[in-house]
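One file, query25.txt, is given below (compact mmCIF, C-alpha atoms (C1' of nucleotides)).
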# COMPACT_ATOMS: atom_id res chain seq x y z
CA MET I 14 46.22 82.15 -45.51
CA ASP I 15 48.15 83.28 -42.49
CA VAL I 16 50.00 80.38 -41.02
CA SER I 17 52.37 82.39 -38.87
CA GLY I 18 52.58 81.21 -35.32
CA ARG I 19 51.18 77.77 -36.13
CA THR I 20 53.03 74.89 -34.62
CA TYR I 21 51.85 72.69 -37.50
CA PRO I 22 51.41 75.00 -40.52
CA GLN I 23 50.99 72.02 -42.83
CA LEU I 24 47.61 71.35 -41.22
CA ALA I 25 46.37 74.76 -42.30
CA LEU I 26 47.53 73.92 -45.81
CA ASP I 27 45.46 70.76 -45.67
CA LEU I 28 42.39 72.93 -45.83
CA GLN I 29 43.67 74.43 -49.04
CA LEU I 30 43.07 71.60 -51.48
CA CYS I 31 41.02 69.00 -49.69
CA PHE I 32 38.43 71.37 -48.38
CA PRO I 33 37.76 73.10 -51.76
CA LEU I 34 37.41 69.69 -53.36
CA TYR I 35 34.92 68.63 -50.70
CA ALA I 36 33.04 71.93 -50.94
CA ALA I 37 32.98 71.88 -54.75
CA THR I 38 31.36 68.47 -54.86
CA ARG I 39 28.67 69.55 -52.43
CA ALA I 40 28.08 72.77 -54.38
CA VAL I 41 27.72 70.82 -57.63
CA THR I 42 25.38 68.35 -55.98
CA LYS I 43 23.25 71.18 -54.64
CA ARG I 44 23.07 72.75 -58.08
CA TYR I 45 21.89 69.44 -59.55
CA VAL I 46 19.13 69.25 -56.97
CA THR I 47 17.74 72.47 -58.43
CA LEU I 48 18.25 71.43 -62.03
CA LEU I 49 16.75 67.98 -61.48
CA LYS I 50 13.77 69.20 -59.51
CA GLY I 51 10.78 68.13 -61.52
CA THR I 52 12.33 64.81 -62.47
CA GLY I 53 12.40 63.53 -58.89
CA LEU I 54 15.97 62.32 -59.44
CA THR I 55 18.78 62.84 -56.96
CA TYR I 56 22.29 63.46 -58.25
CA PRO I 57 23.53 59.88 -57.70
CA GLN I 58 20.34 58.60 -59.31
CA TYR I 59 20.96 60.90 -62.27
CA LEU I 60 24.48 59.48 -62.64
CA VAL I 61 23.06 55.95 -62.69
CA MET I 62 20.56 57.01 -65.36
CA LEU I 63 23.38 58.58 -67.42
CA VAL I 64 25.24 55.27 -67.41
CA LEU I 65 22.12 53.35 -68.40
CA TRP I 66 21.27 55.78 -71.22
CA GLU I 67 24.85 55.56 -72.42
CA ALA I 68 24.96 51.78 -72.35
CA ASP I 69 21.58 51.37 -73.99
CA GLU I 70 21.37 47.80 -72.75
CA PRO I 71 20.73 46.07 -69.42
CA LEU I 72 23.67 46.27 -67.01
CA THR I 73 24.42 44.23 -63.91
CA VAL I 74 24.74 45.90 -60.52
CA THR I 75 28.44 45.11 -60.55
CA THR I 76 28.97 46.78 -63.94
CA LEU I 77 27.11 49.88 -62.80
CA GLY I 78 29.25 49.84 -59.66
CA GLN I 79 32.47 49.65 -61.65
CA ARG I 80 31.48 52.58 -63.84
CA LEU I 81 30.45 54.75 -60.89
CA ARG I 82 32.85 53.33 -58.30
CA LEU I 83 29.95 52.43 -56.03
CA ASP I 84 29.26 49.12 -54.29
CA SER I 85 26.08 47.11 -53.88
CA GLY I 86 25.48 48.58 -50.45
CA THR I 87 24.90 51.94 -52.11
CA LEU I 88 23.43 50.78 -55.40
CA THR I 89 20.87 48.21 -54.26
CA PRO I 90 18.66 50.64 -52.31
CA LEU I 91 19.18 53.38 -54.92
CA LEU I 92 18.10 51.04 -57.71
CA LYS I 93 15.08 49.95 -55.70
CA ARG I 94 14.02 53.59 -55.47
CA LEU I 95 14.47 54.00 -59.23
CA GLU I 96 12.41 50.85 -59.68
CA THR I 97 9.67 52.18 -57.39
CA ALA I 98 9.72 55.40 -59.43
CA GLY I 99 9.10 53.29 -62.54
CA LEU I 100 12.33 54.26 -64.28
CA VAL I 101 14.15 50.92 -64.27
CA ARG I 102 13.43 47.23 -63.98
CA ARG I 103 15.56 44.75 -61.98
CA ASP I 104 15.45 41.19 -63.20
CA ARG I 105 17.58 38.22 -62.27
CA ASP I 106 19.73 37.11 -65.18
CA PRO I 107 18.22 33.76 -66.29
CA GLY I 108 21.68 32.63 -67.37
CA ASP I 109 23.23 33.38 -63.96
CA GLU I 110 20.79 33.76 -61.13
CA ARG I 111 23.35 35.60 -58.98
CA ARG I 112 23.18 38.61 -61.29
CA VAL I 113 20.53 41.28 -61.43
CA LEU I 114 20.07 43.01 -64.76
CA VAL I 115 19.07 46.64 -64.54
CA SER I 116 17.24 47.92 -67.58
CA LEU I 117 15.39 51.10 -68.50
CA THR I 118 11.63 51.19 -68.69
CA GLU I 119 9.96 53.25 -71.39
CA GLU I 120 9.47 55.94 -68.78
CA GLY I 121 13.14 55.80 -67.87
CA ARG I 122 14.18 56.08 -71.49
CA ALA I 123 11.81 58.99 -71.99
CA MET I 124 13.42 60.91 -69.17
CA GLU I 125 16.60 61.33 -71.18
CA GLU I 126 14.95 64.01 -73.28
CA GLN I 127 13.61 65.69 -70.17
CA VAL I 128 17.09 66.27 -68.71
CA SER I 129 18.91 66.92 -71.97
CA GLY I 130 19.37 70.58 -71.10
CA VAL I 131 20.90 69.93 -67.68
CA PRO I 132 24.59 69.74 -68.67
CA GLN I 133 24.47 73.07 -70.43
CA GLN I 134 22.67 74.71 -67.52
CA LEU I 135 25.20 73.32 -65.09
CA GLY I 136 28.07 74.44 -67.30
CA ALA I 137 26.66 77.95 -67.23
CA SER I 138 26.45 77.84 -63.42
CA MET I 139 30.05 76.74 -63.10
CA GLY I 140 31.32 79.69 -65.09
CA ILE I 141 34.24 77.93 -66.64
CA THR I 142 35.12 77.38 -70.29
CA ARG I 143 34.99 74.03 -71.98
CA ASP I 144 38.80 73.87 -72.04
CA GLU I 145 39.06 74.64 -68.35
CA ALA I 146 36.51 71.94 -67.65
CA LEU I 147 38.48 69.39 -69.65
CA THR I 148 41.74 70.30 -67.89
CA LEU I 149 40.04 70.06 -64.53
CA ARG I 150 38.58 66.70 -65.51
CA ASP I 151 42.03 65.37 -66.43
CA GLN I 152 43.57 66.53 -63.16
CA LEU I 153 40.78 65.01 -61.12
CA THR I 154 40.94 61.75 -63.04
CA GLU I 155 44.66 61.56 -62.42
CA LEU I 156 44.03 62.24 -58.74
CA VAL I 157 41.56 59.38 -58.49
CA ASP I 158 43.95 57.02 -60.27
CA HIS I 159 46.76 57.85 -57.88
CA LEU I 160 44.58 57.51 -54.80
CA ASP I 161 43.25 54.16 -55.99
CA THR I 162 46.81 52.92 -56.41
CA ALA I 163 47.90 54.16 -52.96
CA GLU I 164 45.43 51.96 -51.14
CA SER I 165 47.19 50.32 -48.21
CA SER I 166 49.67 51.80 -45.69
CA MET Z 19 34.54 58.81 -74.97
CA ASP Z 20 32.51 57.67 -77.93
CA VAL Z 21 29.38 59.72 -78.21
CA SER Z 22 28.50 58.77 -81.76
CA GLY Z 23 24.96 57.69 -82.22
CA ARG Z 24 23.77 59.35 -79.06
CA THR Z 25 20.60 61.36 -79.35
CA TYR Z 26 21.78 63.58 -76.49
CA PRO Z 27 25.60 63.52 -76.61
CA GLN Z 28 25.77 66.36 -74.08
CA LEU Z 29 24.55 63.93 -71.42
CA ALA Z 30 27.56 61.72 -71.99
CA LEU Z 31 29.73 64.79 -71.59
CA ASP Z 32 28.07 65.43 -68.25
CA LEU Z 33 29.89 62.41 -66.91
CA GLN Z 34 33.17 63.96 -67.95
CA LEU Z 35 33.55 66.65 -65.30
CA CYS Z 36 30.89 66.08 -62.70
CA PHE Z 37 31.58 62.42 -62.22
CA PRO Z 38 35.36 62.77 -61.77
CA LEU Z 39 34.73 65.52 -59.23
CA TYR Z 40 32.33 63.28 -57.35
CA ALA Z 41 34.69 60.30 -57.54
CA ALA Z 42 37.73 62.36 -56.51
CA THR Z 43 36.04 63.56 -53.35
CA ARG Z 44 35.08 60.05 -52.39
CA ALA Z 45 38.59 58.77 -53.13
CA VAL Z 46 40.13 61.50 -50.98
CA THR Z 47 37.69 60.77 -48.18
CA LYS Z 48 38.54 57.10 -48.32
CA ARG Z 49 42.24 57.89 -48.15
CA TYR Z 50 41.67 60.01 -45.05
CA VAL Z 51 39.87 57.13 -43.38
CA THR Z 52 43.08 55.15 -43.65
CA LEU Z 53 45.32 58.03 -42.58
CA LEU Z 54 43.07 58.96 -39.65
CA LYS Z 55 42.61 55.42 -38.42
CA GLY Z 56 44.02 55.42 -34.94
CA THR Z 57 42.64 58.85 -34.12
CA GLY Z 58 39.02 57.72 -34.46
CA LEU Z 59 38.27 60.83 -36.51
CA THR Z 60 36.21 60.80 -39.69
CA TYR Z 61 37.12 63.18 -42.51
CA PRO Z 62 34.43 65.78 -41.69
CA GLN Z 63 35.38 65.57 -38.03
CA TYR Z 64 39.02 66.13 -39.00
CA LEU Z 65 38.01 69.24 -40.96
CA VAL Z 66 36.18 70.59 -37.90
CA MET Z 67 39.26 69.93 -35.79
CA LEU Z 68 41.44 71.74 -38.36
CA VAL Z 69 39.26 74.83 -38.08
CA LEU Z 70 39.36 74.70 -34.28
CA TRP Z 71 43.14 74.26 -34.19
CA GLU Z 72 43.51 77.12 -36.62
CA ALA Z 73 41.21 79.46 -34.67
CA ASP Z 74 42.75 78.58 -31.32
CA GLU Z 75 39.69 79.98 -29.53
CA PRO Z 76 36.10 78.85 -28.96
CA LEU Z 77 33.90 79.14 -32.04
CA THR Z 78 30.14 79.14 -32.35
CA VAL Z 79 28.35 76.49 -34.39
CA THR Z 80 27.42 79.16 -36.93
CA THR Z 81 31.04 80.28 -37.38
CA LEU Z 82 32.17 76.70 -37.85
CA GLY Z 83 29.36 76.27 -40.36
CA GLN Z 84 30.40 79.32 -42.34
CA ARG Z 85 34.02 78.17 -42.55
CA LEU Z 86 33.04 74.65 -43.64
CA ARG Z 87 29.81 75.49 -45.47
CA LEU Z 88 27.86 73.13 -43.26
CA ASP Z 89 24.64 73.78 -41.35
CA SER Z 90 23.56 72.89 -37.82
CA GLY Z 91 21.77 69.78 -39.07
CA THR Z 92 25.16 68.34 -39.96
CA LEU Z 93 27.31 69.97 -37.30
CA THR Z 94 25.23 69.40 -34.17
CA PRO Z 95 25.40 65.59 -34.22
CA LEU Z 96 29.01 65.67 -35.43
CA LEU Z 97 30.01 67.97 -32.57
CA LYS Z 98 28.18 65.76 -30.10
CA ARG Z 99 30.26 62.84 -31.28
CA LEU Z 100 33.45 64.88 -30.87
CA GLU Z 101 32.24 65.83 -27.39
CA THR Z 102 31.56 62.19 -26.54
CA ALA Z 103 35.05 61.37 -27.77
CA GLY Z 104 36.38 63.96 -25.34
CA LEU Z 105 37.93 66.20 -28.00
CA VAL Z 106 35.72 69.28 -27.65
CA ARG Z 107 33.42 70.93 -25.15
CA ARG Z 108 30.09 72.56 -26.04
CA ASP Z 109 28.97 75.32 -23.70
CA ARG Z 110 26.19 77.84 -24.08
CA ASP Z 111 27.58 81.34 -24.41
CA PRO Z 112 26.70 83.05 -21.09
CA GLY Z 113 26.42 86.37 -22.94
CA ASP Z 114 23.95 84.99 -25.50
CA GLU Z 115 22.27 81.77 -24.53
CA ARG Z 116 21.29 81.02 -28.11
CA ARG Z 117 24.92 80.36 -29.01
CA VAL Z 118 26.96 77.28 -28.30
CA LEU Z 119 30.68 77.79 -27.98
CA VAL Z 120 32.76 74.89 -29.21
CA SER Z 121 36.18 74.69 -27.63
CA LEU Z 122 39.02 72.20 -27.64
CA THR Z 123 39.75 70.04 -24.63
CA GLU Z 124 43.33 69.29 -23.71
CA GLU Z 125 42.88 65.95 -25.44
CA GLY Z 126 41.58 67.70 -28.56
CA ARG Z 127 44.49 70.08 -28.61
CA ALA Z 128 46.91 67.22 -28.14
CA MET Z 129 45.56 65.47 -31.19
CA GLU Z 130 47.00 68.15 -33.46
CA GLU Z 131 50.47 66.70 -33.03
CA GLN Z 132 49.12 63.21 -33.66
CA VAL Z 133 47.84 64.10 -37.14
CA SER Z 134 50.58 66.53 -38.12
CA GLY Z 135 51.92 64.10 -40.69
CA VAL Z 136 48.61 63.52 -42.45
CA PRO Z 137 48.78 66.32 -45.06
CA GLN Z 138 52.15 65.18 -46.32
CA GLN Z 139 51.01 61.55 -46.49
CA LEU Z 140 47.91 62.55 -48.39
CA GLY Z 141 49.95 64.74 -50.75
CA ALA Z 142 52.11 61.73 -51.52
CA SER Z 143 49.02 59.61 -52.26
CA MET Z 144 47.65 62.19 -54.66
CA GLY Z 145 50.77 62.17 -56.76
CA ILE Z 146 50.63 65.80 -57.77
CA THR Z 147 53.11 68.59 -57.24
CA ARG Z 148 52.55 71.47 -54.90
CA ASP Z 149 51.99 73.81 -57.87
CA GLU Z 150 49.43 71.50 -59.44
CA ALA Z 151 47.66 71.31 -56.11
CA LEU Z 152 47.51 75.09 -55.82
CA THR Z 153 46.20 75.47 -59.37
CA LEU Z 154 43.57 72.83 -58.72
CA ARG Z 155 42.60 74.55 -55.49
CA ASP Z 156 42.11 77.87 -57.31
CA GLN Z 157 39.95 76.30 -60.01
CA LEU Z 158 37.80 74.51 -57.46
CA THR Z 159 37.44 77.63 -55.34
CA GLU Z 160 36.33 79.57 -58.39
CA LEU Z 161 33.85 76.82 -59.20
CA VAL Z 162 32.33 77.00 -55.72
CA ASP Z 163 32.07 80.78 -55.91
CA HIS Z 164 30.25 80.61 -59.24
CA LEU Z 165 27.88 77.90 -58.08
CA ASP Z 166 27.07 79.79 -54.90
CA THR Z 167 26.20 82.83 -56.98
CA ALA Z 168 24.02 80.89 -59.40
CA GLU Z 169 21.57 79.79 -56.73
CA SER Z 170 18.05 80.29 -58.04
CA SER Z 171 16.57 79.51 -61.49
C1' DC F 10 7.45 97.08 -21.36
C1' DA F 11 4.92 94.25 -24.80
C1' DC F 12 5.47 91.79 -28.74
C1' DA F 13 6.59 90.76 -33.38
C1' DA F 14 10.68 89.83 -36.02
C1' DC F 15 14.82 87.79 -36.00
C1' DT F 16 18.71 84.65 -34.71
C1' DA F 17 21.09 80.34 -33.05
C1' DT F 18 20.81 75.81 -32.36
C1' DA F 19 18.47 71.42 -32.32
C1' DT F 20 15.41 67.85 -34.34
C1' DT F 21 13.41 64.96 -37.96
C1' DG F 22 13.41 62.53 -42.10
C1' DC F 23 15.53 60.93 -46.28
C1' DG F 24 19.18 59.48 -49.27
C1' DC F 25 23.54 58.44 -49.96
C1' DA F 26 28.54 56.05 -49.00
C1' DC F 27 30.77 52.38 -47.21
C1' DA F 28 32.54 48.69 -44.10
C1' DA F 29 31.31 44.32 -42.56
C1' DC F 30 28.59 40.57 -43.01
C1' DT F 31 25.04 37.26 -45.00
C1' DT F 32 22.87 34.54 -48.51
C1' DA F 33 22.54 32.30 -52.68
C1' DA F 34 24.39 30.77 -57.05
C1' DT F 35 28.24 29.28 -59.81
C1' DC F 36 32.79 27.53 -60.71
C1' DG F 37 36.67 24.57 -60.53
C1' DC F 38 39.45 21.05 -58.90
C1' DG F 39 40.07 16.35 -57.63
C1' DC C 9 29.96 14.08 -59.40
C1' DG C 10 31.13 16.40 -54.75
C1' DC C 11 32.43 20.14 -52.29
C1' DG C 12 35.21 24.07 -51.04
C1' DA C 13 36.26 28.57 -53.12
C1' DT C 14 34.60 32.29 -55.47
C1' DT C 15 31.26 35.62 -57.09
C1' DA C 16 26.96 38.65 -57.04
C1' DA C 17 23.75 40.92 -54.68
C1' DG C 18 21.50 42.13 -50.46
C1' DT C 19 21.48 43.53 -45.45
C1' DT C 20 22.91 46.06 -41.35
C1' DG C 21 24.84 49.77 -38.89
C1' DT C 22 27.21 54.28 -38.69
C1' DG C 23 28.01 58.89 -40.17
C1' DC C 24 27.38 62.42 -42.98
C1' DG C 25 24.60 66.41 -45.86
C1' DC C 26 20.72 68.95 -46.10
C1' DA C 27 15.83 70.53 -46.37
C1' DA C 28 12.21 71.54 -43.40
C1' DT C 29 10.71 72.48 -39.10
C1' DA C 30 10.77 73.36 -34.03
C1' DT C 31 12.32 75.74 -29.94
C1' DA C 32 14.36 78.98 -27.22
C1' DG C 33 16.69 83.32 -26.67
C1' DT C 34 17.40 88.20 -28.27
C1' DT C 35 16.44 92.57 -30.46
C1' DG C 36 14.00 96.47 -32.14
C1' DT C 37 9.91 99.29 -32.25
C1' DG C 38 6.13 101.68 -30.62

As structure tokens, the full file:
Amino acid sequence: MDVSGRTYPQLALDLQLCFPLYAATRAVTKRYVTLLKGTGLTYPQYLVMLVLWEADEPLTVTTLGQRLRLDSGTLTPLLKRLETAGLVRRDRDPGDERRVLVSLTEEGRAMEEQVSGVPQQLGASMGITRDEALTLRDQLTELVDHLDTAESS
Amino acid sequence: MDVSGRTYPQLALDLQLCFPLYAATRAVTKRYVTLLKGTGLTYPQYLVMLVLWEADEPLTVTTLGQRLRLDSGTLTPLLKRLETAGLVRRDRDPGDERRVLVSLTEEGRAMEEQVSGVPQQLGASMGITRDEALTLRDQLTELVDHLDTAESS
DNA sequence: CACAACTATATTGCGCACAACTTAATCGCG
DNA sequence: CGCGATTAAGTTGTGCGCAATATAGTTGTG
């Protein structure tokens, strides 16, 4: 990138990491739209389903939020859509009426098989090796950890 | 991650790269909100301003969209907000009335100085070296290129 | 020059993200 | 027990992203 003549060349550099990160996420999301077409799931909905399949037990909204780093303002309407689609149930925890337990319906559980080929298809689209993917994952995880620590200021 | 006992362990693996990517973008965006507080800019608005500062001449909506991989559905309202804020002007190109030329106002140009410290502050929050950042950038750029190629199917 | 094809931007509708706030339930301290 | 503090989820409002569509301007071809 030519930064000659810029009064603030560091601003041009800011496009170099932050923009690719931003663009990569949107490209991945777009790819998922294609791969998930037929299930009716969006990418964030798919991530919620992954967590529920993994847990294999009812989870509260807060627990889901911790795993996905999302708050109730995002999750509540998303979960209502999954409920409307018949994939999950939302029941107040009888032991603590503040909590809502999100559990899979039979239909929701059955969808796991339907999307089981998605990760491999996405991997193929990304064109990177398993090792590269794992390295990338570690770098991104470290990034998130640092940014979470650097909150204030 | 324990994937023992999973019928579809590859789905658990799908959280390993795609989720960190998704989370990293949101964490970076959040960090920018803090760093840009005082300018009134959002992160996407800041990216648009970066492109305009870099170009140093009026750009059409399409050109901006190509640089940022965004379409008019996203850019038009965003640019209207920047116009309302007094940072850019939007004028029909007299030579081709279909085009809208987006140019910086004096106020918009002046903002470059105001945010000149942002990249360094963000770099500090990310806690990675310049070399790591460049490697990460290259991997993400490659990822985007592959995903753009893999459109259909 | 007419007119169909194309191009550039704008509009609409939906689903996130998230800050700020509200409501309801539970906890804990005196 | 009583009541303020805390916790969990939901609500509201704003700003993206993007697909689908609409509208207006331009171009190329006969």

inquiry  = What are the residues of chain Z lining chain C at 8 Å or less? Count all atoms listed in the file, and put the answer as a ChimeraX atom specification.
reply    = /Z:62,88-89,91-92,114-116

Same residues, C-alpha atoms, output as a PDB file, keeping the file's coordinate frame:
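Result went into result.pdb, see below:
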ATOM      1  CA  PRO Z  62      34.430  65.780 -41.690  1.00  0.00           C
ATOM      2  CA  LEU Z  88      27.860  73.130 -43.260  1.00  0.00           C
ATOM      3  CA  ASP Z  89      24.640  73.780 -41.350  1.00  0.00           C
ATOM      4  CA  GLY Z  91      21.770  69.780 -39.070  1.00  0.00           C
ATOM      5  CA  THR Z  92      25.160  68.340 -39.960  1.00  0.00           C
ATOM      6  CA  ASP Z 114      23.950  84.990 -25.500  1.00  0.00           C
ATOM      7  CA  GLU Z 115      22.270  81.770 -24.530  1.00  0.00           C
ATOM      8  CA  ARG Z 116      21.290  81.020 -28.110  1.00  0.00           C
TER       9      ARG Z 116
END

inquiry  = If the cut-off is 8 Å, can you tell me the residues of chain I near chain Z, counting only C-alpha atoms? I'd like them as JSON, numbers by chain.
reply    = {"I": [19, 21, 23, 24, 25, 26, 27, 28, 29, 30, 31, 32, 33, 34, 35, 36, 37, 38, 40, 41, 44, 47, 60, 63, 67, 81, 82, 125, 126, 129, 131, 132, 133, 138, 139, 140, 141, 146, 147, 149, 150, 152, 153, 154, 156, 157, 159, 160, 161, 163, 164, 165, 166]}

Any chance you could export the current selection's C-alpha atoms as a PDB file, in the coordinates of the input?
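So the final result, stored in out_17.pdb, reads:
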ATOM      1  CA  ARG I  19      51.180  77.770 -36.130  1.00  0.00           C
ATOM      2  CA  TYR I  21      51.850  72.690 -37.500  1.00  0.00           C
ATOM      3  CA  GLN I  23      50.990  72.020 -42.830  1.00  0.00           C
ATOM      4  CA  LEU I  24      47.610  71.350 -41.220  1.00  0.00           C
ATOM      5  CA  ALA I  25      46.370  74.760 -42.300  1.00  0.00           C
ATOM      6  CA  LEU I  26      47.530  73.920 -45.810  1.00  0.00           C
ATOM      7  CA  ASP I  27      45.460  70.760 -45.670  1.00  0.00           C
ATOM      8  CA  LEU I  28      42.390  72.930 -45.830  1.00  0.00           C
ATOM      9  CA  GLN I  29      43.670  74.430 -49.040  1.00  0.00           C
ATOM     10  CA  LEU I  30      43.070  71.600 -51.480  1.00  0.00           C
ATOM     11  CA  CYS I  31      41.020  69.000 -49.690  1.00  0.00           C
ATOM     12  CA  PHE I  32      38.430  71.370 -48.380  1.00  0.00           C
ATOM     13  CA  PRO I  33      37.760  73.100 -51.760  1.00  0.00           C
ATOM     14  CA  LEU I  34      37.410  69.690 -53.360  1.00  0.00           C
ATOM     15  CA  TYR I  35      34.920  68.630 -50.700  1.00  0.00           C
ATOM     16  CA  ALA I  36      33.040  71.930 -50.940  1.00  0.00           C
ATOM     17  CA  ALA I  37      32.980  71.880 -54.750  1.00  0.00           C
ATOM     18  CA  THR I  38      31.360  68.470 -54.860  1.00  0.00           C
ATOM     19  CA  ALA I  40      28.080  72.770 -54.380  1.00  0.00           C
ATOM     20  CA  VAL I  41      27.720  70.820 -57.630  1.00  0.00           C
ATOM     21  CA  ARG I  44      23.070  72.750 -58.080  1.00  0.00           C
ATOM     22  CA  THR I  47      17.740  72.470 -58.430  1.00  0.00           C
ATOM     23  CA  LEU I  60      24.480  59.480 -62.640  1.00  0.00           C
ATOM     24  CA  LEU I  63      23.380  58.580 -67.420  1.00  0.00           C
ATOM     25  CA  GLU I  67      24.850  55.560 -72.420  1.00  0.00           C
ATOM     26  CA  LEU I  81      30.450  54.750 -60.890  1.00  0.00           C
ATOM     27  CA  ARG I  82      32.850  53.330 -58.300  1.00  0.00           C
ATOM     28  CA  GLU I 125      16.600  61.330 -71.180  1.00  0.00           C
ATOM     29  CA  GLU I 126      14.950  64.010 -73.280  1.00  0.00           C
ATOM     30  CA  SER I 129      18.910  66.920 -71.970  1.00  0.00           C
ATOM     31  CA  VAL I 131      20.900  69.930 -67.680  1.00  0.00           C
ATOM     32  CA  PRO I 132      24.590  69.740 -68.670  1.00  0.00           C
ATOM     33  CA  GLN I 133      24.470  73.070 -70.430  1.00  0.00           C
ATOM     34  CA  SER I 138      26.450  77.840 -63.420  1.00  0.00           C
ATOM     35  CA  MET I 139      30.050  76.740 -63.100  1.00  0.00           C
ATOM     36  CA  GLY I 140      31.320  79.690 -65.090  1.00  0.00           C
ATOM     37  CA  ILE I 141      34.240  77.930 -66.640  1.00  0.00           C
ATOM     38  CA  ALA I 146      36.510  71.940 -67.650  1.00  0.00           C
ATOM     39  CA  LEU I 147      38.480  69.390 -69.650  1.00  0.00           C
ATOM     40  CA  LEU I 149      40.040  70.060 -64.530  1.00  0.00           C
ATOM     41  CA  ARG I 150      38.580  66.700 -65.510  1.00  0.00           C
ATOM     42  CA  GLN I 152      43.570  66.530 -63.160  1.00  0.00           C
ATOM     43  CA  LEU I 153      40.780  65.010 -61.120  1.00  0.00           C
ATOM     44  CA  THR I 154      40.940  61.750 -63.040  1.00  0.00           C
ATOM     45  CA  LEU I 156      44.030  62.240 -58.740  1.00  0.00           C
ATOM     46  CA  VAL I 157      41.560  59.380 -58.490  1.00  0.00           C
ATOM     47  CA  HIS I 159      46.760  57.850 -57.880  1.00  0.00           C
ATOM     48  CA  LEU I 160      44.580  57.510 -54.800  1.00  0.00           C
ATOM     49  CA  ASP I 161      43.250  54.160 -55.990  1.00  0.00           C
ATOM     50  CA  ALA I 163      47.900  54.160 -52.960  1.00  0.00           C
ATOM     51  CA  GLU I 164      45.430  51.960 -51.140  1.00  0.00           C
ATOM     52  CA  SER I 165      47.190  50.320 -48.210  1.00  0.00           C
ATOM     53  CA  SER I 166      49.670  51.800 -45.690  1.00  0.00           C
TER      54      SER I 166
END

query = Taking only C-alpha atoms (C1' of nucleotides) into account, what are the residues of chain F at most 9 Å from chain Z, put as a PyMOL selection string?
reply = chain F and resi 16-20+26

Hey, can you spit out that residue selection with C-alpha atoms (C1' of nucleotides) as a short mmCIF file (atom, residue, chain, number, x, y, z; two decimals), in the coordinates of the input?
data_model
loop_
_atom_site.label_atom_id
_atom_site.label_comp_id
_atom_site.auth_asym_id
_atom_site.auth_seq_id
_atom_site.Cartn_x
_atom_site.Cartn_y
_atom_site.Cartn_z
"C1'" DT F 16 18.71 84.65 -34.71
"C1'" DA F 17 21.09 80.34 -33.05
"C1'" DT F 18 20.81 75.81 -32.36
"C1'" DA F 19 18.47 71.42 -32.32
"C1'" DT F 20 15.41 67.85 -34.34
"C1'" DA F 26 28.54 56.05 -49.00
#

Gap from atom CA of Z:Lys55 to atom C1' of F:DA28 - Å, one decimal = 13.4 Å

ask   = What separation in Å, quoted to one decimal, exists between atom CA of I:Lys93 and atom CA of I:Gly108?
value =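 For atom CA of I:Lys93 relative to atom CA of I:Gly108, the distance reads 21.9 Å.
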
query = What is the distance, in Å and to one decimal place, between atom CA of I:Thr55 and atom C1' of F:DG22?
reply =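 According to the coordinates, atom CA of I:Thr55 and atom C1' of F:DG22 are separated by 15.8 Å.
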
inquiry  = I need the residue nearest I:Leu65 from this list: I:Val115, I:Leu92, I:Ala98, I:Val46. Use all atoms listed in the file for the distance.
reply    =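 Selected residue with least distance to I:Leu65: I:Val115.
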
Non-local contacts of Z:Glu75 (12 Å; only C-alpha atoms (C1' of nucleotides); under 4 positions in same chain excluded) as JSON, numbers by chain = {"Z": [67, 69, 70, 71, 81, 82, 106, 107, 119, 120, 121, 122, 123, 127]}

Next, dump the selected residues to file, keeping only C-alpha atoms, as a PDB file, keeping the file's coordinate frame.
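Everything below was put into result-v1.pdb:
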ATOM      1  CA  MET Z  67      39.260  69.930 -35.790  1.00  0.00           C
ATOM      2  CA  VAL Z  69      39.260  74.830 -38.080  1.00  0.00           C
ATOM      3  CA  LEU Z  70      39.360  74.700 -34.280  1.00  0.00           C
ATOM      4  CA  TRP Z  71      43.140  74.260 -34.190  1.00  0.00           C
ATOM      5  CA  THR Z  81      31.040  80.280 -37.380  1.00  0.00           C
ATOM      6  CA  LEU Z  82      32.170  76.700 -37.850  1.00  0.00           C
ATOM      7  CA  VAL Z 106      35.720  69.280 -27.650  1.00  0.00           C
ATOM      8  CA  ARG Z 107      33.420  70.930 -25.150  1.00  0.00           C
ATOM      9  CA  LEU Z 119      30.680  77.790 -27.980  1.00  0.00           C
ATOM     10  CA  VAL Z 120      32.760  74.890 -29.210  1.00  0.00           C
ATOM     11  CA  SER Z 121      36.180  74.690 -27.630  1.00  0.00           C
ATOM     12  CA  LEU Z 122      39.020  72.200 -27.640  1.00  0.00           C
ATOM     13  CA  THR Z 123      39.750  70.040 -24.630  1.00  0.00           C
ATOM     14  CA  ARG Z 127      44.490  70.080 -28.610  1.00  0.00           C
TER      15      ARG Z 127
END
